[in-house]
$ cat entry_22.txt   # compact mmCIF, N, CA and C atoms
# COMPACT_ATOMS: atom_id res chain seq x y z
N MET A 1 0.84 -1.18 0.00
CA MET A 1 0.00 0.00 0.00
C MET A 1 0.89 1.24 0.00
N ASN A 2 0.66 2.11 -0.94
CA ASN A 2 1.42 3.35 -1.01
C ASN A 2 0.61 4.56 -0.57
N THR A 3 -0.67 4.54 -0.83
CA THR A 3 -1.53 5.66 -0.44
C THR A 3 -2.76 5.13 0.28
N VAL A 4 -3.35 6.00 1.07
CA VAL A 4 -4.58 5.65 1.77
C VAL A 4 -5.72 6.36 1.05
N GLU A 5 -6.51 5.58 0.34
CA GLU A 5 -7.64 6.14 -0.39
C GLU A 5 -8.96 5.87 0.30
N LYS A 6 -9.00 4.78 1.08
CA LYS A 6 -10.24 4.43 1.77
C LYS A 6 -9.91 3.99 3.19
N VAL A 7 -10.63 4.56 4.15
CA VAL A 7 -10.39 4.32 5.57
C VAL A 7 -11.64 3.71 6.19
N GLY A 8 -11.45 2.70 7.01
CA GLY A 8 -12.53 2.14 7.79
C GLY A 8 -12.36 2.54 9.24
N VAL A 9 -13.42 3.00 9.86
CA VAL A 9 -13.38 3.36 11.28
C VAL A 9 -14.46 2.53 11.98
N ILE A 10 -14.05 1.82 13.01
CA ILE A 10 -14.98 1.00 13.77
C ILE A 10 -15.20 1.66 15.12
N GLY A 11 -16.42 2.09 15.36
CA GLY A 11 -16.77 2.81 16.57
C GLY A 11 -17.17 4.22 16.21
N ALA A 12 -18.44 4.57 16.40
CA ALA A 12 -18.94 5.87 15.98
C ALA A 12 -19.18 6.81 17.15
N GLY A 13 -18.42 6.61 18.23
CA GLY A 13 -18.49 7.56 19.33
C GLY A 13 -17.79 8.85 18.95
N VAL A 14 -17.50 9.68 19.92
CA VAL A 14 -16.86 10.97 19.65
C VAL A 14 -15.53 10.79 18.92
N MET A 15 -14.68 9.90 19.41
CA MET A 15 -13.37 9.71 18.78
C MET A 15 -13.50 9.11 17.38
N GLY A 16 -14.24 8.03 17.26
CA GLY A 16 -14.36 7.36 15.98
C GLY A 16 -14.99 8.23 14.91
N SER A 17 -16.06 8.92 15.25
CA SER A 17 -16.72 9.77 14.26
C SER A 17 -15.84 10.96 13.88
N SER A 18 -15.08 11.48 14.83
CA SER A 18 -14.15 12.58 14.51
C SER A 18 -13.02 12.10 13.61
N ILE A 19 -12.51 10.90 13.85
CA ILE A 19 -11.48 10.32 12.98
C ILE A 19 -12.05 10.17 11.57
N ALA A 20 -13.27 9.68 11.47
CA ALA A 20 -13.92 9.52 10.16
C ALA A 20 -14.04 10.86 9.45
N ALA A 21 -14.43 11.90 10.17
CA ALA A 21 -14.56 13.24 9.57
C ALA A 21 -13.22 13.75 9.08
N HIS A 22 -12.18 13.57 9.86
CA HIS A 22 -10.85 14.06 9.44
C HIS A 22 -10.32 13.28 8.25
N ALA A 23 -10.61 11.99 8.18
CA ALA A 23 -10.20 11.21 7.01
C ALA A 23 -10.94 11.72 5.76
N ALA A 24 -12.23 12.02 5.91
CA ALA A 24 -12.99 12.59 4.79
C ALA A 24 -12.44 13.96 4.40
N ASN A 25 -12.07 14.77 5.39
CA ASN A 25 -11.46 16.07 5.11
C ASN A 25 -10.18 15.92 4.29
N ALA A 26 -9.45 14.84 4.54
CA ALA A 26 -8.18 14.59 3.84
C ALA A 26 -8.39 14.01 2.45
N GLY A 27 -9.64 13.75 2.08
CA GLY A 27 -9.92 13.26 0.74
C GLY A 27 -10.16 11.77 0.63
N ALA A 28 -10.17 11.08 1.75
CA ALA A 28 -10.40 9.63 1.72
C ALA A 28 -11.90 9.32 1.73
N ASP A 29 -12.25 8.23 1.09
CA ASP A 29 -13.58 7.67 1.28
C ASP A 29 -13.53 6.91 2.60
N VAL A 30 -14.63 6.90 3.34
CA VAL A 30 -14.62 6.36 4.69
C VAL A 30 -15.81 5.41 4.90
N VAL A 31 -15.56 4.34 5.62
CA VAL A 31 -16.61 3.45 6.11
C VAL A 31 -16.61 3.61 7.63
N LEU A 32 -17.74 3.99 8.19
CA LEU A 32 -17.88 4.17 9.64
C LEU A 32 -18.91 3.17 10.15
N LEU A 33 -18.45 2.24 10.98
CA LEU A 33 -19.33 1.19 11.50
C LEU A 33 -19.42 1.27 13.02
N ASP A 34 -20.57 0.89 13.54
CA ASP A 34 -20.76 0.83 14.99
C ASP A 34 -21.63 -0.38 15.31
N VAL A 35 -21.52 -0.87 16.52
CA VAL A 35 -22.32 -2.02 16.95
C VAL A 35 -23.80 -1.64 17.07
N VAL A 36 -24.08 -0.39 17.36
CA VAL A 36 -25.45 0.08 17.54
C VAL A 36 -26.03 0.53 16.19
N PRO A 37 -27.15 -0.05 15.78
CA PRO A 37 -27.77 0.39 14.53
C PRO A 37 -28.04 1.89 14.55
N ASP A 38 -27.77 2.54 13.46
CA ASP A 38 -27.98 3.98 13.24
C ASP A 38 -27.04 4.88 14.03
N ALA A 39 -26.14 4.33 14.84
CA ALA A 39 -25.22 5.18 15.61
C ALA A 39 -24.28 5.95 14.68
N ALA A 40 -23.77 5.31 13.65
CA ALA A 40 -22.84 5.98 12.74
C ALA A 40 -23.55 7.09 11.98
N ARG A 41 -24.73 6.81 11.46
CA ARG A 41 -25.49 7.82 10.72
C ARG A 41 -25.83 9.00 11.64
N SER A 42 -26.23 8.70 12.85
CA SER A 42 -26.57 9.74 13.82
C SER A 42 -25.35 10.59 14.17
N ALA A 43 -24.19 9.95 14.30
CA ALA A 43 -22.96 10.68 14.62
C ALA A 43 -22.62 11.68 13.52
N ILE A 44 -22.79 11.28 12.27
CA ILE A 44 -22.50 12.19 11.15
C ILE A 44 -23.45 13.38 11.18
N GLU A 45 -24.72 13.14 11.42
CA GLU A 45 -25.69 14.23 11.48
C GLU A 45 -25.34 15.20 12.62
N LYS A 46 -24.92 14.68 13.76
CA LYS A 46 -24.53 15.54 14.88
C LYS A 46 -23.30 16.37 14.51
N MET A 47 -22.33 15.74 13.83
CA MET A 47 -21.11 16.47 13.47
C MET A 47 -21.39 17.60 12.49
N LYS A 48 -22.38 17.45 11.65
CA LYS A 48 -22.73 18.51 10.70
C LYS A 48 -23.18 19.77 11.43
N LYS A 49 -23.71 19.59 12.64
CA LYS A 49 -24.26 20.71 13.41
C LYS A 49 -23.32 21.21 14.50
N THR A 50 -22.21 20.52 14.71
CA THR A 50 -21.28 20.86 15.79
C THR A 50 -20.48 22.11 15.44
N GLU A 51 -20.22 22.93 16.43
CA GLU A 51 -19.36 24.11 16.27
C GLU A 51 -18.24 24.04 17.29
N PRO A 52 -16.99 24.08 16.89
CA PRO A 52 -16.54 24.09 15.50
C PRO A 52 -16.77 22.73 14.85
N ALA A 53 -17.10 22.76 13.60
CA ALA A 53 -17.44 21.54 12.86
C ALA A 53 -16.20 20.70 12.58
N PRO A 54 -16.29 19.39 12.77
CA PRO A 54 -15.17 18.52 12.42
C PRO A 54 -14.96 18.43 10.91
N PHE A 55 -16.04 18.68 10.13
CA PHE A 55 -15.91 18.67 8.68
C PHE A 55 -15.47 20.05 8.19
N MET A 56 -14.54 20.07 7.24
CA MET A 56 -14.14 21.34 6.63
C MET A 56 -15.34 21.93 5.88
N HIS A 57 -16.16 21.08 5.32
CA HIS A 57 -17.41 21.48 4.67
C HIS A 57 -18.39 20.33 4.86
N THR A 58 -19.62 20.62 5.19
CA THR A 58 -20.58 19.56 5.49
C THR A 58 -20.79 18.60 4.33
N LYS A 59 -20.55 19.03 3.10
CA LYS A 59 -20.73 18.12 1.96
C LYS A 59 -19.73 16.96 2.00
N LEU A 60 -18.64 17.11 2.76
CA LEU A 60 -17.67 16.02 2.90
C LEU A 60 -18.25 14.83 3.64
N ALA A 61 -19.32 15.04 4.36
CA ALA A 61 -19.99 13.93 5.06
C ALA A 61 -20.46 12.87 4.07
N LYS A 62 -20.67 13.26 2.83
CA LYS A 62 -21.11 12.30 1.80
C LYS A 62 -20.02 11.28 1.48
N ARG A 63 -18.79 11.55 1.88
CA ARG A 63 -17.70 10.60 1.65
C ARG A 63 -17.76 9.42 2.61
N ILE A 64 -18.63 9.52 3.63
CA ILE A 64 -18.70 8.49 4.67
C ILE A 64 -19.90 7.58 4.45
N THR A 65 -19.62 6.29 4.35
CA THR A 65 -20.65 5.25 4.28
C THR A 65 -20.79 4.66 5.68
N THR A 66 -22.01 4.50 6.14
CA THR A 66 -22.23 4.00 7.50
C THR A 66 -22.83 2.60 7.49
N GLY A 67 -22.72 1.95 8.63
CA GLY A 67 -23.30 0.62 8.80
C GLY A 67 -23.06 0.11 10.20
N THR A 68 -23.32 -1.18 10.38
CA THR A 68 -23.13 -1.80 11.69
C THR A 68 -22.08 -2.90 11.60
N THR A 69 -21.45 -3.16 12.73
CA THR A 69 -20.46 -4.24 12.77
C THR A 69 -21.14 -5.60 12.66
N GLY A 70 -22.39 -5.68 12.99
CA GLY A 70 -23.11 -6.94 12.89
C GLY A 70 -23.47 -7.34 11.47
N ASP A 71 -23.74 -6.36 10.62
CA ASP A 71 -24.22 -6.65 9.27
C ASP A 71 -23.30 -6.21 8.14
N ASP A 72 -22.41 -5.29 8.40
CA ASP A 72 -21.72 -4.61 7.30
C ASP A 72 -20.20 -4.68 7.31
N LEU A 73 -19.61 -5.65 7.99
CA LEU A 73 -18.15 -5.74 8.03
C LEU A 73 -17.54 -5.87 6.64
N ALA A 74 -18.27 -6.45 5.70
CA ALA A 74 -17.75 -6.61 4.34
C ALA A 74 -17.45 -5.26 3.68
N LEU A 75 -18.02 -4.18 4.19
CA LEU A 75 -17.75 -2.85 3.63
C LEU A 75 -16.28 -2.45 3.77
N ILE A 76 -15.55 -3.09 4.68
CA ILE A 76 -14.14 -2.71 4.87
C ILE A 76 -13.20 -3.41 3.90
N LYS A 77 -13.73 -4.26 3.05
CA LYS A 77 -12.87 -5.09 2.18
C LYS A 77 -11.96 -4.28 1.27
N ASP A 78 -12.33 -3.06 0.95
CA ASP A 78 -11.50 -2.21 0.09
C ASP A 78 -10.72 -1.15 0.86
N CYS A 79 -10.79 -1.18 2.17
CA CYS A 79 -10.13 -0.15 2.98
C CYS A 79 -8.63 -0.41 3.07
N ASP A 80 -7.87 0.67 2.94
CA ASP A 80 -6.41 0.61 3.07
C ASP A 80 -5.98 0.67 4.52
N TRP A 81 -6.79 1.34 5.34
CA TRP A 81 -6.46 1.53 6.75
C TRP A 81 -7.74 1.40 7.55
N ILE A 82 -7.72 0.55 8.55
CA ILE A 82 -8.87 0.37 9.43
C ILE A 82 -8.45 0.79 10.83
N ILE A 83 -9.22 1.70 11.41
CA ILE A 83 -8.92 2.24 12.74
C ILE A 83 -10.03 1.82 13.69
N GLU A 84 -9.65 1.13 14.73
CA GLU A 84 -10.61 0.70 15.75
C GLU A 84 -10.66 1.75 16.84
N ALA A 85 -11.87 2.20 17.17
CA ALA A 85 -12.06 3.21 18.22
C ALA A 85 -13.26 2.80 19.08
N ILE A 86 -13.12 1.63 19.70
CA ILE A 86 -14.23 1.11 20.52
C ILE A 86 -13.83 1.11 21.99
N ILE A 87 -14.69 0.58 22.82
CA ILE A 87 -14.50 0.53 24.27
C ILE A 87 -13.12 -0.04 24.63
N GLU A 88 -12.56 0.45 25.72
CA GLU A 88 -11.21 0.06 26.16
C GLU A 88 -11.22 -1.26 26.93
N ARG A 89 -11.70 -2.30 26.27
CA ARG A 89 -11.69 -3.64 26.86
C ARG A 89 -10.95 -4.57 25.91
N PRO A 90 -9.82 -5.13 26.35
CA PRO A 90 -9.03 -5.99 25.47
C PRO A 90 -9.83 -7.14 24.86
N ASP A 91 -10.69 -7.77 25.64
CA ASP A 91 -11.45 -8.90 25.11
C ASP A 91 -12.37 -8.50 23.96
N ILE A 92 -12.99 -7.35 24.08
CA ILE A 92 -13.89 -6.88 23.02
C ILE A 92 -13.09 -6.45 21.79
N LYS A 93 -11.96 -5.79 22.01
CA LYS A 93 -11.11 -5.39 20.89
C LYS A 93 -10.59 -6.62 20.14
N GLN A 94 -10.11 -7.61 20.88
CA GLN A 94 -9.59 -8.82 20.24
C GLN A 94 -10.68 -9.56 19.48
N GLU A 95 -11.87 -9.59 20.03
CA GLU A 95 -13.01 -10.22 19.33
C GLU A 95 -13.30 -9.48 18.02
N LEU A 96 -13.24 -8.16 18.06
CA LEU A 96 -13.45 -7.36 16.85
C LEU A 96 -12.37 -7.66 15.81
N TYR A 97 -11.11 -7.70 16.24
CA TYR A 97 -10.01 -7.97 15.29
C TYR A 97 -10.20 -9.32 14.60
N ARG A 98 -10.64 -10.31 15.37
CA ARG A 98 -10.89 -11.64 14.77
C ARG A 98 -12.02 -11.56 13.74
N ALA A 99 -13.04 -10.78 14.04
CA ALA A 99 -14.16 -10.63 13.10
C ALA A 99 -13.74 -9.86 11.85
N LEU A 100 -12.84 -8.89 12.00
CA LEU A 100 -12.40 -8.07 10.87
C LEU A 100 -11.47 -8.82 9.93
N GLU A 101 -10.64 -9.69 10.48
CA GLU A 101 -9.55 -10.31 9.73
C GLU A 101 -9.96 -10.91 8.38
N PRO A 102 -11.05 -11.66 8.28
CA PRO A 102 -11.40 -12.24 6.97
C PRO A 102 -11.73 -11.19 5.90
N PHE A 103 -12.04 -9.98 6.31
CA PHE A 103 -12.44 -8.94 5.37
C PHE A 103 -11.31 -7.99 4.98
N LEU A 104 -10.16 -8.10 5.64
CA LEU A 104 -9.06 -7.16 5.41
C LEU A 104 -8.32 -7.44 4.11
N LYS A 105 -8.01 -6.36 3.39
CA LYS A 105 -7.14 -6.49 2.22
C LYS A 105 -5.79 -7.02 2.69
N ILE A 106 -5.08 -7.68 1.80
CA ILE A 106 -3.80 -8.31 2.13
C ILE A 106 -2.77 -7.31 2.66
N ASP A 107 -2.88 -6.05 2.23
CA ASP A 107 -1.91 -5.04 2.65
C ASP A 107 -2.53 -3.94 3.52
N ALA A 108 -3.75 -4.17 3.99
CA ALA A 108 -4.40 -3.17 4.83
C ALA A 108 -3.71 -3.06 6.18
N VAL A 109 -3.67 -1.85 6.69
CA VAL A 109 -3.13 -1.58 8.02
C VAL A 109 -4.30 -1.54 8.99
N LEU A 110 -4.13 -2.17 10.13
CA LEU A 110 -5.13 -2.15 11.19
C LEU A 110 -4.52 -1.45 12.39
N SER A 111 -5.26 -0.52 12.96
CA SER A 111 -4.72 0.18 14.13
C SER A 111 -5.82 0.43 15.15
N SER A 112 -5.38 0.76 16.35
CA SER A 112 -6.28 1.03 17.46
C SER A 112 -6.09 2.47 17.93
N ASN A 113 -7.17 3.07 18.35
CA ASN A 113 -7.12 4.41 18.91
C ASN A 113 -6.95 4.37 20.43
N THR A 114 -6.58 3.24 20.97
CA THR A 114 -6.45 3.10 22.41
C THR A 114 -5.42 4.06 22.99
N SER A 115 -5.68 4.46 24.21
CA SER A 115 -4.70 5.31 24.90
C SER A 115 -4.12 4.58 26.11
N THR A 116 -4.61 3.38 26.37
CA THR A 116 -4.19 2.71 27.61
C THR A 116 -3.67 1.29 27.43
N LEU A 117 -4.04 0.62 26.37
CA LEU A 117 -3.70 -0.80 26.23
C LEU A 117 -2.41 -1.00 25.44
N PRO A 118 -1.49 -1.82 25.96
CA PRO A 118 -0.23 -2.07 25.24
C PRO A 118 -0.45 -2.91 23.99
N LEU A 119 0.42 -2.72 23.02
CA LEU A 119 0.37 -3.44 21.75
C LEU A 119 0.33 -4.95 21.97
N LYS A 120 1.12 -5.43 22.90
CA LYS A 120 1.19 -6.87 23.17
C LYS A 120 -0.18 -7.43 23.57
N VAL A 121 -0.92 -6.67 24.33
CA VAL A 121 -2.26 -7.09 24.75
C VAL A 121 -3.22 -7.07 23.55
N LEU A 122 -3.15 -6.02 22.75
CA LEU A 122 -4.05 -5.89 21.61
C LEU A 122 -3.84 -6.99 20.58
N THR A 123 -2.59 -7.38 20.37
CA THR A 123 -2.27 -8.35 19.32
C THR A 123 -2.22 -9.79 19.81
N ASN A 124 -2.53 -10.02 21.07
CA ASN A 124 -2.52 -11.37 21.62
C ASN A 124 -3.47 -12.27 20.82
N GLY A 125 -2.94 -13.37 20.30
CA GLY A 125 -3.75 -14.31 19.53
C GLY A 125 -3.93 -13.95 18.07
N MET A 126 -3.36 -12.84 17.65
CA MET A 126 -3.50 -12.38 16.27
C MET A 126 -2.51 -13.11 15.37
N ALA A 127 -2.89 -13.39 14.15
CA ALA A 127 -1.99 -14.03 13.18
C ALA A 127 -0.75 -13.16 12.96
N ASP A 128 0.41 -13.79 12.76
CA ASP A 128 1.67 -13.06 12.60
C ASP A 128 1.61 -12.03 11.48
N ASP A 129 0.98 -12.38 10.36
CA ASP A 129 0.89 -11.44 9.24
C ASP A 129 0.14 -10.18 9.64
N LEU A 130 -0.93 -10.34 10.38
CA LEU A 130 -1.70 -9.17 10.82
C LEU A 130 -0.95 -8.38 11.88
N LYS A 131 -0.22 -9.06 12.74
CA LYS A 131 0.59 -8.37 13.75
C LYS A 131 1.57 -7.41 13.08
N ARG A 132 2.15 -7.82 11.96
CA ARG A 132 3.12 -6.97 11.26
C ARG A 132 2.47 -5.72 10.66
N ARG A 133 1.17 -5.78 10.44
CA ARG A 133 0.46 -4.65 9.84
C ARG A 133 -0.35 -3.87 10.87
N PHE A 134 -0.17 -4.19 12.13
CA PHE A 134 -0.95 -3.55 13.20
C PHE A 134 -0.17 -2.39 13.79
N MET A 135 -0.85 -1.27 13.94
CA MET A 135 -0.22 -0.10 14.56
C MET A 135 -1.05 0.34 15.74
$ encode --input "entry_22.txt" --output "structure tokens"
Amino acid sequence: MNTVEKVGVIGAGVMGSSIAAHAANAGADVVLLDVVPDAARSAIEKMKKTEPAPFMHTKLAKRITTGTTGDDLALIKDCDWIIEAIIERPDIKQELYRALEPFLKIDAVLSSNTSTLPLKVLTNGMADDLKRRFM
């Protein structure tokens, strides 16, 4: 992978939705997924009204495709970079990584927005190939 053209963000809370907005601002197409139905779509609508707005222009919100982790994981199949921004529980993060793995491009980068969990904990049980692409 040389360029990031499409970004997947898992978790549509404040951090995840803001990451999605900034990726759209940078010109990337974005997939924003959340476990809660309609959470991603609702987050985008809230960001359009926020001051200061996370979007450089509200029309950039159209670059973001939304869905749920239960039904729409296949949407990440074309993503160059997938950023996980979910609850700070290692067991839930590891479960998500296992669910994502079959859908990841061979050269996709997977990363976590965690501020507290060490890399060793996050990658526990992960395939060696994916560990090399994890940030």
$ select_by_dssp --input "entry_22.txt" --residues "chain A" --states "strand (DSSP E or B)" --output "ChimeraX atom specification"
/A:6-10,29-34,64-68,81-84,109-112,134
$ residues_around --input "entry_22.txt" --residues "Ala108 in chain A" --least-positions-apart "4" --cutoff "6.5 Å" --atoms "all atoms listed in the file" --output "VMD selection string"
chain A and resid 79 to 82 104 133
$ write_last_selection --input "entry_22.txt" --atoms "N, CA and C atoms" --output "PDB file, in the frame of the given file"
ATOM      1  N   CYS A  79     -10.790  -1.180   2.170  1.00  0.00           N
ATOM      2  CA  CYS A  79     -10.130  -0.150   2.980  1.00  0.00           C
ATOM      3  C   CYS A  79      -8.630  -0.410   3.070  1.00  0.00           C
ATOM      4  N   ASP A  80      -7.870   0.670   2.940  1.00  0.00           N
ATOM      5  CA  ASP A  80      -6.410   0.610   3.070  1.00  0.00           C
ATOM      6  C   ASP A  80      -5.980   0.670   4.520  1.00  0.00           C
ATOM      7  N   TRP A  81      -6.790   1.340   5.340  1.00  0.00           N
ATOM      8  CA  TRP A  81      -6.460   1.530   6.750  1.00  0.00           C
ATOM      9  C   TRP A  81      -7.740   1.400   7.550  1.00  0.00           C
ATOM     10  N   ILE A  82      -7.720   0.550   8.550  1.00  0.00           N
ATOM     11  CA  ILE A  82      -8.870   0.370   9.430  1.00  0.00           C
ATOM     12  C   ILE A  82      -8.450   0.790  10.830  1.00  0.00           C
ATOM     13  N   LEU A 104     -10.160  -8.100   5.640  1.00  0.00           N
ATOM     14  CA  LEU A 104      -9.060  -7.160   5.410  1.00  0.00           C
ATOM     15  C   LEU A 104      -8.320  -7.440   4.110  1.00  0.00           C
ATOM     16  N   ARG A 133       1.170  -5.780  10.440  1.00  0.00           N
ATOM     17  CA  ARG A 133       0.460  -4.650   9.840  1.00  0.00           C
ATOM     18  C   ARG A 133      -0.350  -3.870  10.870  1.00  0.00           C
TER      19      ARG A 133
END
$ residues_around --input "entry_22.txt" --residues "range 115-120 of chain A" --least-positions-apart "4" --cutoff "8 Å" --atoms "only N, CA and C atoms" --output "list in words"
Glu88, Pro90, Asn124, Gly125 and Met135 of chain A
$ closest_residue --input "entry_22.txt" --among "A:Asn25, A:Val109, A:Val7, A:Ala99" --to "Leu60 in chain A" --atoms "all atoms listed in the file"
A:Asn25
$ select_by_dssp --input "entry_22.txt" --residues "chain A" --states "alpha helix (DSSP H)" --output "ChimeraX atom specification"
/A:14-25,39-49,90-100,119-122,128-132
$ atom_distance --input "entry_22.txt" --atom1 "CA of Phe103 in chain A" --atom2 "atom C of Ile76 in chain A"
5.8 Å
$ atom_distance --input "entry_22.txt" --atom1 "CA of Thr68 in chain A" --atom2 "CA of Val121 in chain A"
25.2 Å
$ closest_residue --input "entry_22.txt" --among "A:Leu130, A:Val4, A:Leu122, A:Ile44" --to "Lys93 in chain A" --atoms "all atoms listed in the file"
A:Leu122
$ atom_distance --input "entry_22.txt" --atom1 "atom C of Lys62 in chain A" --atom2 "atom C of Arg98 in chain A"
27.1 Å
$ residues_near_point --input "entry_22.txt" --point "(-12.2, 15.0, -0.6)" --cutoff "12 Å" --atoms "only C-alpha atoms" --output "ChimeraX atom specification"
/A:5-6,21-30,55-64
$ closest_residue --input "entry_22.txt" --among "A:Ala74, A:Leu32, A:Met47, A:Ala85" --to "Met15 in chain A" --atoms "only C-alpha atoms"
A:Ala85
$ residues_around --input "entry_22.txt" --residues "Ile87 in chain A" --least-positions-apart "4" --cutoff "8 Å" --atoms "all atoms listed in the file" --output "number ranges by chain"
A: 10-11, 92-93, 114
$ write_last_selection --input "entry_22.txt" --atoms "N, CA and C atoms" --output "compact mmCIF listing (two decimals), in the frame of the given file"
# COMPACT_ATOMS: atom_id res chain seq x y z
N ILE A 10 -14.05 1.82 13.01
CA ILE A 10 -14.98 1.00 13.77
C ILE A 10 -15.20 1.66 15.12
N GLY A 11 -16.42 2.09 15.36
CA GLY A 11 -16.77 2.81 16.57
C GLY A 11 -17.17 4.22 16.21
N ILE A 92 -12.99 -7.35 24.08
CA ILE A 92 -13.89 -6.88 23.02
C ILE A 92 -13.09 -6.45 21.79
N LYS A 93 -11.96 -5.79 22.01
CA LYS A 93 -11.11 -5.39 20.89
C LYS A 93 -10.59 -6.62 20.14
N THR A 114 -6.58 3.24 20.97
CA THR A 114 -6.45 3.10 22.41
C THR A 114 -5.42 4.06 22.99
$ closest_residue --input "entry_22.txt" --among "A:Ala53, A:Leu100, A:Leu33, A:Ile106" --to "Gly16 in chain A" --atoms "all atoms listed in the file"
A:Leu33
$ closest_residue --input "entry_22.txt" --among "A:Val14, A:Thr65, A:Glu101, A:Ser111" --to "Ile83 in chain A" --atoms "only C-alpha atoms"
A:Ser111
$ residues_around --input "entry_22.txt" --residues "Gly67 in chain A" --least-positions-apart "2" --cutoff "8 Å" --atoms "only N, CA and C atoms" --output "list in words"
Val31, Leu32, Leu33, Asp34, Val35, Val36, Pro37, Asp38, Ala39, Ala40, Arg41, Ile64, Thr65, Thr69, Gly70, Asp71, Asp72 and Leu73 of chain A
$ write_last_selection --input "entry_22.txt" --atoms "N, CA and C atoms" --output "short mmCIF file (atom, residue, chain, number, x, y, z; two decimals), in the coordinates of the input"
data_model
loop_
_atom_site.label_atom_id
_atom_site.label_comp_id
_atom_site.auth_asym_id
_atom_site.auth_seq_id
_atom_site.Cartn_x
_atom_site.Cartn_y
_atom_site.Cartn_z
N VAL A 31 -15.56 4.34 5.62
CA VAL A 31 -16.61 3.45 6.11
C VAL A 31 -16.61 3.61 7.63
N LEU A 32 -17.74 3.99 8.19
CA LEU A 32 -17.88 4.17 9.64
C LEU A 32 -18.91 3.17 10.15
N LEU A 33 -18.45 2.24 10.98
CA LEU A 33 -19.33 1.19 11.50
C LEU A 33 -19.42 1.27 13.02
N ASP A 34 -20.57 0.89 13.54
CA ASP A 34 -20.76 0.83 14.99
C ASP A 34 -21.63 -0.38 15.31
N VAL A 35 -21.52 -0.87 16.52
CA VAL A 35 -22.32 -2.02 16.95
C VAL A 35 -23.80 -1.64 17.07
N VAL A 36 -24.08 -0.39 17.36
CA VAL A 36 -25.45 0.08 17.54
C VAL A 36 -26.03 0.53 16.19
N PRO A 37 -27.15 -0.05 15.78
CA PRO A 37 -27.77 0.39 14.53
C PRO A 37 -28.04 1.89 14.55
N ASP A 38 -27.77 2.54 13.46
CA ASP A 38 -27.98 3.98 13.24
C ASP A 38 -27.04 4.88 14.03
N ALA A 39 -26.14 4.33 14.84
CA ALA A 39 -25.22 5.18 15.61
C ALA A 39 -24.28 5.95 14.68
N ALA A 40 -23.77 5.31 13.65
CA ALA A 40 -22.84 5.98 12.74
C ALA A 40 -23.55 7.09 11.98
N ARG A 41 -24.73 6.81 11.46
CA ARG A 41 -25.49 7.82 10.72
C ARG A 41 -25.83 9.00 11.64
N ILE A 64 -18.63 9.52 3.63
CA ILE A 64 -18.70 8.49 4.67
C ILE A 64 -19.90 7.58 4.45
N THR A 65 -19.62 6.29 4.35
CA THR A 65 -20.65 5.25 4.28
C THR A 65 -20.79 4.66 5.68
N THR A 69 -21.45 -3.16 12.73
CA THR A 69 -20.46 -4.24 12.77
C THR A 69 -21.14 -5.60 12.66
N GLY A 70 -22.39 -5.68 12.99
CA GLY A 70 -23.11 -6.94 12.89
C GLY A 70 -23.47 -7.34 11.47
N ASP A 71 -23.74 -6.36 10.62
CA ASP A 71 -24.22 -6.65 9.27
C ASP A 71 -23.30 -6.21 8.14
N ASP A 72 -22.41 -5.29 8.40
CA ASP A 72 -21.72 -4.61 7.30
C ASP A 72 -20.20 -4.68 7.31
N LEU A 73 -19.61 -5.65 7.99
CA LEU A 73 -18.15 -5.74 8.03
C LEU A 73 -17.54 -5.87 6.64
#
$ closest_residue --input "entry_22.txt" --among "A:Leu75, A:Arg132, A:Asn113, A:Leu96" --to "Gly13 in chain A" --atoms "only C-alpha atoms"
A:Asn113
